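As provided, data.cif (mmCIF, C-alpha atoms (C1' of nucleotides)) reads as follows.
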data_protein
#
loop_
_atom_site.label_atom_id
_atom_site.label_comp_id
_atom_site.auth_asym_id
_atom_site.auth_seq_id
_atom_site.Cartn_x
_atom_site.Cartn_y
_atom_site.Cartn_z
CA MET N 100 0.00 0.00 0.00
CA ASN N 101 2.69 2.48 -0.91
CA ASP N 102 0.32 3.69 -3.56
CA PRO N 103 -0.55 7.31 -2.87
CA GLY N 104 -3.86 6.75 -4.60
CA PRO N 105 -3.94 5.55 -8.18
CA ARG N 106 -5.16 7.98 -10.79
CA TRP N 107 -8.52 6.36 -11.34
CA LEU N 108 -10.32 6.79 -14.60
CA SER N 109 -13.04 9.39 -14.71
CA ALA N 110 -16.48 8.27 -15.81
CA GLY N 111 -15.80 9.65 -19.26
CA GLU N 112 -12.45 7.95 -19.51
CA GLN N 113 -13.94 4.68 -18.40
CA HIS N 114 -16.56 4.95 -21.08
CA SER N 115 -13.97 5.76 -23.72
CA TRP N 116 -11.85 2.83 -22.70
CA ARG N 117 -14.69 0.34 -22.71
CA ASP N 118 -15.91 1.50 -26.08
CA ALA N 119 -12.41 1.28 -27.44
CA ILE N 120 -11.74 -2.29 -26.42
CA GLN N 121 -15.20 -3.38 -27.44
CA ALA N 122 -14.97 -1.73 -30.84
CA TRP N 123 -11.50 -2.93 -31.72
CA GLN N 124 -11.89 -6.40 -30.32
CA TRP N 125 -15.00 -6.74 -32.42
CA LEU N 126 -13.34 -5.33 -35.52
CA LEU N 127 -10.36 -7.65 -35.30
CA ALA N 128 -12.57 -10.63 -34.57
CA ALA N 129 -14.84 -9.79 -37.48
CA VAL N 130 -11.96 -9.63 -39.92
CA ASP N 131 -10.46 -12.81 -38.58
CA ALA N 132 -13.76 -14.65 -38.73
CA GLN N 133 -14.37 -13.68 -42.35
CA LEU N 134 -10.97 -14.97 -43.42
CA GLN N 135 -11.37 -18.14 -41.43
CA ARG N 136 -14.80 -18.79 -42.83
CA ASP N 137 -14.24 -17.94 -46.48
CA SER N 138 -10.61 -18.88 -46.92
CA GLY N 139 -9.81 -21.23 -44.07
CA MET N 140 -6.98 -19.13 -42.70
CA PRO N 141 -6.70 -16.84 -39.72
CA LEU N 142 -5.64 -13.22 -40.12
CA ALA N 143 -2.16 -14.02 -38.84
CA TYR N 144 -1.56 -16.46 -41.69
CA TYR N 145 -2.94 -14.04 -44.23
CA GLU N 146 -0.51 -11.41 -43.05
CA ILE N 147 2.42 -13.78 -43.33
CA LEU N 148 1.46 -14.53 -46.91
CA VAL N 149 1.07 -10.83 -47.67
CA ARG N 150 4.51 -10.02 -46.28
CA LEU N 151 6.07 -12.74 -48.38
CA SER N 152 4.19 -11.66 -51.50
CA GLU N 153 5.61 -8.18 -51.12
CA ALA N 154 9.19 -9.30 -50.61
CA PRO N 155 11.69 -9.58 -53.44
CA ASP N 156 11.58 -13.09 -54.88
CA HIS N 157 8.60 -13.76 -52.60
CA SER N 158 11.18 -14.69 -50.00
CA LEU N 159 12.23 -13.57 -46.53
CA ARG N 160 14.52 -14.78 -43.80
CA MET N 161 12.58 -16.19 -40.87
CA THR N 162 13.64 -13.44 -38.52
CA GLN N 163 12.69 -10.70 -40.94
CA LEU N 164 9.36 -12.35 -41.49
CA ALA N 165 8.82 -12.56 -37.75
CA GLU N 166 9.51 -8.87 -37.35
CA ALA N 167 7.36 -7.95 -40.32
CA SER N 168 4.41 -9.80 -38.88
CA SER N 169 4.98 -8.73 -35.28
CA SER N 170 5.38 -12.30 -34.20
CA SER N 171 7.75 -14.21 -31.99
CA LYS N 172 10.23 -16.52 -33.65
CA SER N 173 8.66 -19.54 -32.07
CA ARG N 174 5.20 -18.63 -33.17
CA LEU N 175 6.38 -17.89 -36.67
CA SER N 176 8.25 -21.17 -36.85
CA HIS N 177 5.12 -23.10 -35.99
CA ALA N 178 2.98 -21.00 -38.30
CA VAL N 179 5.31 -21.47 -41.24
CA ALA N 180 5.41 -25.18 -40.53
CA ARG N 181 1.64 -25.26 -40.87
CA LEU N 182 1.71 -23.11 -44.01
CA GLU N 183 4.29 -25.48 -45.42
CA GLU N 184 1.98 -28.42 -44.75
CA ARG N 185 -0.65 -26.70 -46.85
CA GLY N 186 1.87 -26.16 -49.61
CA TRP N 187 1.65 -22.37 -49.40
CA VAL N 188 5.18 -21.74 -48.24
CA ARG N 189 8.50 -23.52 -48.81
CA ARG N 190 11.55 -23.35 -46.57
CA ALA N 191 15.12 -23.58 -47.80
CA ASP N 192 18.57 -23.14 -46.32
CA CYS N 193 19.94 -19.65 -46.62
CA PRO N 194 22.88 -19.58 -49.04
CA THR N 195 24.77 -16.80 -47.26
CA ASP N 196 24.23 -17.81 -43.63
CA ARG N 197 24.07 -21.49 -42.92
CA ARG N 198 22.21 -20.93 -39.66
CA GLY N 199 19.38 -19.28 -41.48
CA GLN N 200 16.30 -20.37 -43.35
CA VAL N 201 14.51 -18.58 -46.13
CA ALA N 202 10.75 -18.84 -46.43
CA THR N 203 9.36 -18.55 -49.94
CA LEU N 204 5.79 -18.15 -51.08
CA THR N 205 4.86 -20.96 -53.46
CA ASP N 206 2.65 -20.55 -56.50
CA GLY N 207 -0.08 -22.29 -54.57
CA GLY N 208 0.39 -19.86 -51.73
CA PHE N 209 0.14 -16.93 -54.07
CA ALA N 210 -3.01 -18.40 -55.54
CA ALA N 211 -4.51 -18.87 -52.08
CA LEU N 212 -3.69 -15.29 -51.22
CA SER N 213 -5.17 -14.02 -54.46
CA ALA N 214 -8.31 -15.98 -53.80
CA ALA N 215 -8.64 -14.69 -50.27
CA ALA N 216 -7.84 -11.05 -50.92
CA PRO N 217 -11.08 -9.76 -52.49
CA GLY N 218 -13.29 -11.02 -49.68
CA HIS N 219 -10.86 -9.76 -47.09
CA VAL N 220 -10.68 -6.31 -48.62
CA GLU N 221 -14.42 -6.16 -48.79
CA GLN N 222 -14.67 -7.04 -45.13
CA VAL N 223 -12.11 -4.42 -44.17
CA ARG N 224 -14.10 -1.81 -46.04
CA LYS N 225 -17.25 -2.93 -44.36
CA VAL N 226 -16.00 -2.85 -40.79
CA LEU N 227 -13.78 0.18 -41.02
CA PHE N 228 -13.80 2.43 -44.07
CA ASP N 229 -17.51 2.34 -44.76
CA ALA N 230 -18.22 3.18 -41.14
CA LEU N 231 -16.03 6.27 -40.99
CA THR N 232 -16.12 9.66 -42.66
CA ALA N 233 -13.05 10.92 -44.49
CA GLU N 234 -12.30 13.20 -41.60
CA GLN N 235 -12.63 10.44 -39.02
CA LEU N 236 -10.24 8.38 -41.07
CA ARG N 237 -7.71 11.18 -41.00
CA GLN N 238 -8.18 11.48 -37.26
CA LEU N 239 -7.73 7.76 -36.83
CA ASP N 240 -4.41 7.91 -38.63
CA GLY N 241 -3.18 10.43 -36.11
CA ILE N 242 -4.42 8.35 -33.20
CA ASN N 243 -2.81 5.19 -34.50
CA THR N 244 0.45 6.98 -35.05
CA ALA N 245 0.38 8.16 -31.45
CA ILE N 246 -0.33 4.67 -30.16
CA LEU N 247 2.40 3.14 -32.29
CA ALA N 248 4.83 5.75 -30.99
CA GLN N 249 3.91 4.66 -27.50
CA ALA N 250 4.45 1.05 -28.55
CA ALA N 251 7.85 1.86 -29.98
CA SER N 252 8.92 3.53 -26.75
CA THR N 253 7.81 0.59 -24.63
CA PRO N 254 10.36 -2.12 -23.92
CA THR N 255 9.43 -5.55 -25.23
CA ASP N 256 10.49 -8.99 -24.12
CA ALA N 257 12.89 -11.16 -26.11
CA ASP N 258 10.41 -11.52 -28.91
CA GLY N 259 7.87 -9.22 -30.44
CA CYS N 260 5.42 -9.07 -27.59
CA PRO N 261 4.78 -6.32 -25.09
CA ALA N 262 6.23 -6.88 -21.67
CA ALA N 263 5.32 -3.97 -19.45
CA MET W 1389 -15.14 -14.64 -61.54
CA ASN W 1390 -18.43 -12.80 -61.33
CA ASP W 1391 -16.50 -10.17 -59.45
CA PRO W 1392 -16.59 -6.97 -61.47
CA GLY W 1393 -13.30 -6.03 -59.84
CA PRO W 1394 -13.06 -5.72 -56.11
CA ARG W 1395 -12.69 -2.22 -54.72
CA TRP W 1396 -9.04 -2.54 -53.78
CA LEU W 1397 -7.61 -0.41 -51.07
CA SER W 1398 -5.69 2.66 -52.15
CA ALA W 1399 -2.14 3.03 -50.91
CA GLY W 1400 -3.36 5.40 -48.23
CA GLU W 1401 -6.14 3.10 -47.13
CA GLN W 1402 -3.77 0.19 -46.97
CA HIS W 1403 -1.47 2.18 -44.77
CA SER W 1404 -4.32 3.22 -42.52
CA TRP W 1405 -5.51 -0.32 -42.19
CA ARG W 1406 -2.11 -1.74 -41.36
CA ASP W 1407 -1.44 0.92 -38.78
CA ALA W 1408 -4.83 0.32 -37.25
CA ILE W 1409 -4.44 -3.41 -36.75
CA GLN W 1410 -0.88 -3.02 -35.58
CA ALA W 1411 -1.74 -0.31 -33.09
CA TRP W 1412 -4.78 -1.96 -31.62
CA GLN W 1413 -3.40 -5.46 -31.58
CA TRP W 1414 -0.43 -4.08 -29.70
CA LEU W 1415 -2.58 -2.09 -27.32
CA LEU W 1416 -4.81 -5.00 -26.43
CA ALA W 1417 -1.84 -7.30 -26.06
CA ALA W 1418 -0.03 -4.82 -23.84
CA VAL W 1419 -2.99 -4.48 -21.51
CA ASP W 1420 -3.50 -8.21 -21.42
CA ALA W 1421 0.16 -8.89 -20.75
CA GLN W 1422 0.29 -6.46 -17.83
CA LEU W 1423 -2.69 -8.07 -16.16
CA GLN W 1424 -1.36 -11.53 -16.79
CA ARG W 1425 2.05 -10.65 -15.44
CA ASP W 1426 1.08 -8.64 -12.37
CA SER W 1427 -2.19 -10.25 -11.39
CA GLY W 1428 -2.19 -13.64 -13.06
CA MET W 1429 -5.38 -13.06 -15.00
CA PRO W 1430 -6.11 -12.27 -18.62
CA LEU W 1431 -8.12 -9.22 -19.60
CA ALA W 1432 -11.17 -11.35 -20.27
CA TYR W 1433 -11.26 -12.56 -16.68
CA TYR W 1434 -10.72 -9.08 -15.34
CA GLU W 1435 -13.71 -7.90 -17.30
CA ILE W 1436 -15.88 -10.67 -15.97
CA LEU W 1437 -14.96 -9.71 -12.43
CA VAL W 1438 -15.67 -6.06 -13.19
CA ARG W 1439 -19.10 -6.84 -14.59
CA LEU W 1440 -19.96 -8.88 -11.51
CA SER W 1441 -18.66 -6.21 -9.17
CA GLU W 1442 -20.97 -3.69 -10.80
CA ALA W 1443 -24.04 -5.90 -10.64
CA PRO W 1444 -26.54 -5.76 -7.77
CA ASP W 1445 -25.52 -8.26 -5.11
CA HIS W 1446 -22.36 -8.90 -7.11
CA SER W 1447 -24.39 -11.46 -8.99
CA LEU W 1448 -25.53 -12.09 -12.53
CA ARG W 1449 -27.20 -14.85 -14.49
CA MET W 1450 -24.76 -16.65 -16.72
CA THR W 1451 -26.45 -15.44 -19.89
CA GLN W 1452 -26.48 -11.84 -18.76
CA LEU W 1453 -22.85 -12.11 -17.81
CA ALA W 1454 -22.06 -13.54 -21.22
CA GLU W 1455 -23.77 -10.64 -22.93
CA ALA W 1456 -22.14 -8.09 -20.67
CA SER W 1457 -18.70 -9.40 -21.47
CA SER W 1458 -19.36 -9.96 -25.20
CA SER W 1459 -18.67 -13.62 -24.78
CA SER W 1460 -20.28 -16.78 -25.99
CA LYS W 1461 -22.07 -18.89 -23.42
CA SER W 1462 -19.66 -21.70 -23.92
CA ARG W 1463 -16.64 -19.49 -23.43
CA LEU W 1464 -18.14 -17.88 -20.37
CA SER W 1465 -18.97 -21.23 -18.87
CA HIS W 1466 -15.31 -22.25 -19.10
CA ALA W 1467 -14.08 -18.95 -17.81
CA VAL W 1468 -16.37 -18.99 -14.80
CA ALA W 1469 -15.33 -22.55 -14.07
CA ARG W 1470 -11.72 -21.42 -13.88
CA LEU W 1471 -12.61 -18.38 -11.80
CA GLU W 1472 -14.49 -20.69 -9.47
CA GLU W 1473 -11.42 -22.89 -9.10
CA ARG W 1474 -9.52 -19.85 -7.92
CA GLY W 1475 -12.25 -19.03 -5.46
CA TRP W 1476 -13.07 -15.73 -7.10
CA VAL W 1477 -16.58 -16.59 -8.23
CA ARG W 1478 -19.25 -18.88 -6.83
CA ARG W 1479 -22.08 -20.43 -8.79
CA ALA W 1480 -25.49 -21.19 -7.37
CA ASP W 1481 -28.84 -22.30 -8.73
CA CYS W 1482 -31.16 -19.50 -9.65
CA PRO W 1483 -34.11 -19.33 -7.26
CA THR W 1484 -36.63 -18.03 -9.79
CA ASP W 1485 -35.71 -20.16 -12.78
CA ARG W 1486 -34.45 -23.58 -11.92
CA ARG W 1487 -32.75 -23.96 -15.26
CA GLY W 1488 -30.49 -21.07 -14.56
CA GLN W 1489 -27.31 -20.43 -12.67
CA VAL W 1490 -26.24 -17.30 -10.85
CA ALA W 1491 -22.60 -16.33 -10.71
CA THR W 1492 -21.57 -14.34 -7.66
CA LEU W 1493 -18.33 -12.54 -6.97
CA THR W 1494 -16.80 -13.84 -3.75
CA ASP W 1495 -14.98 -11.68 -1.21
CA GLY W 1496 -11.76 -13.16 -2.48
CA GLY W 1497 -12.71 -12.27 -6.01
CA PHE W 1498 -13.45 -8.72 -5.00
CA ALA W 1499 -10.10 -8.56 -3.25
CA ALA W 1500 -8.33 -9.89 -6.33
CA LEU W 1501 -10.07 -7.32 -8.46
CA SER W 1502 -9.18 -4.53 -6.06
CA ALA W 1503 -5.58 -5.64 -6.09
CA ALA W 1504 -5.41 -5.79 -9.86
CA ALA W 1505 -7.22 -2.55 -10.61
CA PRO W 1506 -4.54 0.05 -9.86
CA GLY W 1507 -1.91 -1.54 -12.09
CA HIS W 1508 -4.44 -2.10 -14.81
CA VAL W 1509 -5.64 1.48 -14.74
CA GLU W 1510 -2.09 2.69 -14.85
CA GLN W 1511 -1.39 0.54 -17.88
CA VAL W 1512 -4.50 1.78 -19.64
CA ARG W 1513 -3.38 5.35 -19.04
CA LYS W 1514 0.03 4.54 -20.34
CA VAL W 1515 -0.99 2.88 -23.58
CA LEU W 1516 -3.97 5.05 -24.42
CA PHE W 1517 -4.72 8.20 -22.50
CA ASP W 1518 -1.17 9.39 -22.04
CA ALA W 1519 -0.51 8.89 -25.75
CA LEU W 1520 -3.44 10.98 -26.96
CA THR W 1521 -4.37 14.61 -26.74
CA ALA W 1522 -7.75 15.63 -25.39
CA GLU W 1523 -8.93 16.32 -28.89
CA GLN W 1524 -7.73 12.97 -30.20
CA LEU W 1525 -9.58 11.30 -27.39
CA ARG W 1526 -12.76 13.08 -28.40
CA GLN W 1527 -12.18 12.01 -31.98
CA LEU W 1528 -11.59 8.44 -30.90
CA ASP W 1529 -14.93 8.39 -29.12
CA GLY W 1530 -16.64 9.29 -32.37
CA ILE W 1531 -14.73 6.66 -34.28
CA ASN W 1532 -15.49 3.95 -31.77
CA THR W 1533 -19.15 4.87 -31.78
CA ALA W 1534 -19.18 4.51 -35.55
CA ILE W 1535 -17.49 1.13 -35.41
CA LEU W 1536 -19.83 -0.12 -32.71
CA ALA W 1537 -22.77 1.02 -34.79
CA GLN W 1538 -21.40 -1.07 -37.62
CA ALA W 1539 -21.01 -3.97 -35.22
CA ALA W 1540 -24.58 -3.62 -34.04
CA SER W 1541 -25.88 -3.68 -37.60
CA THR W 1542 -23.89 -6.79 -38.46
CA PRO W 1543 -25.58 -10.12 -37.96
CA THR W 1544 -23.85 -12.39 -35.49
CA ASP W 1545 -23.86 -16.13 -35.14
CA ALA W 1546 -25.65 -17.95 -32.35
CA ASP W 1547 -23.42 -16.39 -29.72
CA GLY W 1548 -21.78 -13.03 -29.41
CA CYS W 1549 -19.22 -13.39 -32.12
CA PRO W 1550 -19.13 -11.82 -35.55
CA ALA W 1551 -20.13 -14.08 -38.39
CA ALA W 1552 -19.94 -12.13 -41.63
"C1'" DC T 216 -49.40 -36.74 -17.50
"C1'" DT T 217 -46.51 -36.55 -21.33
"C1'" DA T 218 -44.80 -34.90 -25.80
"C1'" DG T 219 -42.59 -31.35 -28.18
"C1'" DC T 220 -39.82 -27.32 -28.24
"C1'" DG T 221 -36.78 -23.79 -26.92
"C1'" DT T 222 -33.46 -22.62 -23.51
"C1'" DT T 223 -29.42 -23.37 -20.47
"C1'" DG T 224 -25.16 -25.08 -19.62
"C1'" DT T 225 -21.41 -28.68 -19.98
"C1'" DC T 226 -18.12 -31.82 -22.21
"C1'" DA T 227 -14.52 -33.32 -25.43
"C1'" DA T 228 -11.63 -32.65 -29.46
"C1'" DG T 229 -8.78 -29.67 -32.21
"C1'" DC T 230 -5.94 -25.75 -32.78
"C1'" DG T 231 -2.72 -22.14 -31.69
"C1'" DT T 232 0.42 -19.98 -28.40
"C1'" DT T 233 4.02 -19.89 -25.08
"C1'" DC T 234 7.94 -21.45 -22.58
"C1'" DA T 235 12.13 -23.63 -22.00
"C1'" DA T 236 15.54 -26.28 -23.80
"C1'" DC T 237 18.49 -27.54 -27.69
"C1'" DT T 238 21.47 -27.65 -32.18
"C1'" DA T 239 24.11 -25.41 -35.33
"C1'" DT T 240 26.55 -21.57 -36.98
"C1'" DT T 241 28.88 -17.12 -36.80
"C1'" DC T 242 31.42 -13.52 -34.51
"C1'" DC T 243 35.17 -11.79 -31.80
"C1'" DG T 244 38.99 -11.46 -28.49
"C1'" DG T 245 43.37 -13.52 -27.24
"C1'" DC U 393 43.69 -20.81 -34.65
"C1'" DC U 394 40.89 -21.59 -30.37
"C1'" DG U 395 37.20 -20.88 -27.02
"C1'" DG U 396 33.35 -18.34 -25.32
"C1'" DA U 397 29.41 -15.49 -26.38
"C1'" DA U 398 25.84 -14.26 -29.40
"C1'" DT U 399 22.65 -15.33 -33.20
"C1'" DA U 400 19.24 -18.26 -36.08
"C1'" DG U 401 15.93 -21.24 -35.91
"C1'" DT U 402 13.53 -25.53 -34.34
"C1'" DT U 403 11.32 -28.62 -31.26
"C1'" DG U 404 8.12 -30.68 -27.81
"C1'" DA U 405 5.22 -30.26 -23.86
"C1'" DA U 406 1.86 -27.81 -21.32
"C1'" DC U 407 -1.65 -24.71 -21.36
"C1'" DG U 408 -5.74 -22.02 -22.68
"C1'" DC U 409 -9.24 -20.97 -25.98
"C1'" DT U 410 -12.88 -22.06 -29.35
"C1'" DT U 411 -16.13 -24.89 -31.50
"C1'" DG U 412 -19.82 -28.27 -32.12
"C1'" DA U 413 -22.32 -31.96 -30.22
"C1'" DC U 414 -24.97 -33.11 -26.45
"C1'" DA U 415 -27.62 -33.55 -21.91
"C1'" DA U 416 -30.76 -31.39 -18.45
"C1'" DC U 417 -34.41 -28.59 -17.57
"C1'" DG U 418 -38.85 -26.07 -17.83
"C1'" DC U 419 -42.67 -24.27 -20.25
"C1'" DT U 420 -46.96 -25.01 -22.96
"C1'" DA U 421 -50.51 -27.71 -25.21
"C1'" DG U 422 -53.14 -31.58 -25.86
#
Please express what this file holds, its structure, as structure tokens.
Amino acid sequence: MNDPGPRWLSAGEQHSWRDAIQAWQWLLAAVDAQLQRDSGMPLAYYEILVRLSEAPDHSLRMTQLAEASSSSKSRLSHAVARLEERGWVRRADCPTDRRGQVATLTDGGFAALSAAAPGHVEQVRKVLFDALTAEQLRQLDGINTAILAQAASTPTDADGCPAA
Amino acid sequence: MNDPGPRWLSAGEQHSWRDAIQAWQWLLAAVDAQLQRDSGMPLAYYEILVRLSEAPDHSLRMTQLAEASSSSKSRLSHAVARLEERGWVRRADCPTDRRGQVATLTDGGFAALSAAAPGHVEQVRKVLFDALTAEQLRQLDGINTAILAQAASTPTDADGCPAA
DNA sequence: CTAGCGTTGTCAAGCGTTCAACTATTCCGG
DNA sequence: CCGGAATAGTTGAACGCTTGACAACGCTAG
């Protein structure tokens, strides 16, 4: 009890906070559910495929891919293993560093991504862009930038996850 | 291929979308991690305890509690079972409807909630309120309201989770 | 009383994440 | 060169969450 009285949230702040978590938890769940339902992959897998599709040669080192998708190495390793089982990604030894592995998007993976993208984009429009005015969207950009700045200034544990 | 060309995201929209998921995934994870680390409970459990603590008699019917915490009945049933194991919640038969169960916050549960609250509030300030200006906060309220309106107008599956 | 129907809640299987080793390779100082 | 530290990535077990099938119950009508 060395706490000199925590700065409790005001009624307004409490309301803002509850709305925020409710809104964004719903939004993320809605996007994830659409992908899972229509394309049989969770949002995390979709993002891995997107990152690979944007990389030169459709290839990335595992660590780079982990950073790009804000994932821990362990999680990424398991995820890529599952993507490999589906034939969407292929792993190969890195020619320049024999410790490393390079993940490459296969043709099948690119096809799966191409098939999933239209529905996903439509869902993103539906839950976010269609709901907001142009001005709100501009405002949201500023808010997200501020939050990401806070994230960047917060120490993280060994991997990509928040610690404190 | 009856798709007359999906409305792809513009470069700006794509950037907005990626920032949004990154920012809010991080924020939710950061709050969850703090609670897990300092109080041994995930955010979902914390919210259940909060809802109970705000209810008359610290008690709610399981279904009401599920709605209040945007959870499916099945998920809530598991969660309450675990909270009961820890002695934080007690379940009893409902006196007015013998099909039903009433979940009640125990003294221990209230104590656990009281112990967890200050750190949680501090974390919420850190990741959200401290990062935003007063005007951004006002803007965020509007945005969240718009998203929640979209959520409300979206059909859900049998439980509380988004379907399409 | 009992048959049908909707509601309430639980159980079990499958999946994904995390944590803690563990191997192999590279880097760097002596 | 050699030996220790750091880096890259994988693995397996334990855990928690979600989903879908299912059982128990109560209400209403014949």
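Atom pair CA of Thr1533 in chain W / CA of His114 in chain N: separated by 11.0 Å.
Interatomic distance, CA of Gln1527 in chain W to CA of Arg237 in chain N: 10.1 Å.
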Give me, as a PyMOL selection string, all polymer residues having an atom no more than 12 Å from range 226-238 of chain T, counting only C-alpha atoms (C1' of nucleotides) and skipping those fewer than 6 positions away in the same chain. (chain N and resi 140-141+143-144+170-178+181+198+257-258+260) or (chain W and resi 1462+1465-1466) or (chain U and resi 400-415)
Which residues are near DT240 in chain T? Cut-off 12 Å, only C-alpha atoms (C1' of nucleotides), ignore same chain within fewer than 5 positions. Put them as a PyMOL selection string. (chain N and resi 193+195-199) or (chain U and resi 398-401)
Of the candidates W:Ile1535, W:Gln1489, W:Trp1396, W:Phe1517, which one gets nearest to Leu127 in chain N if we count all atoms listed in the file? W:Ile1535
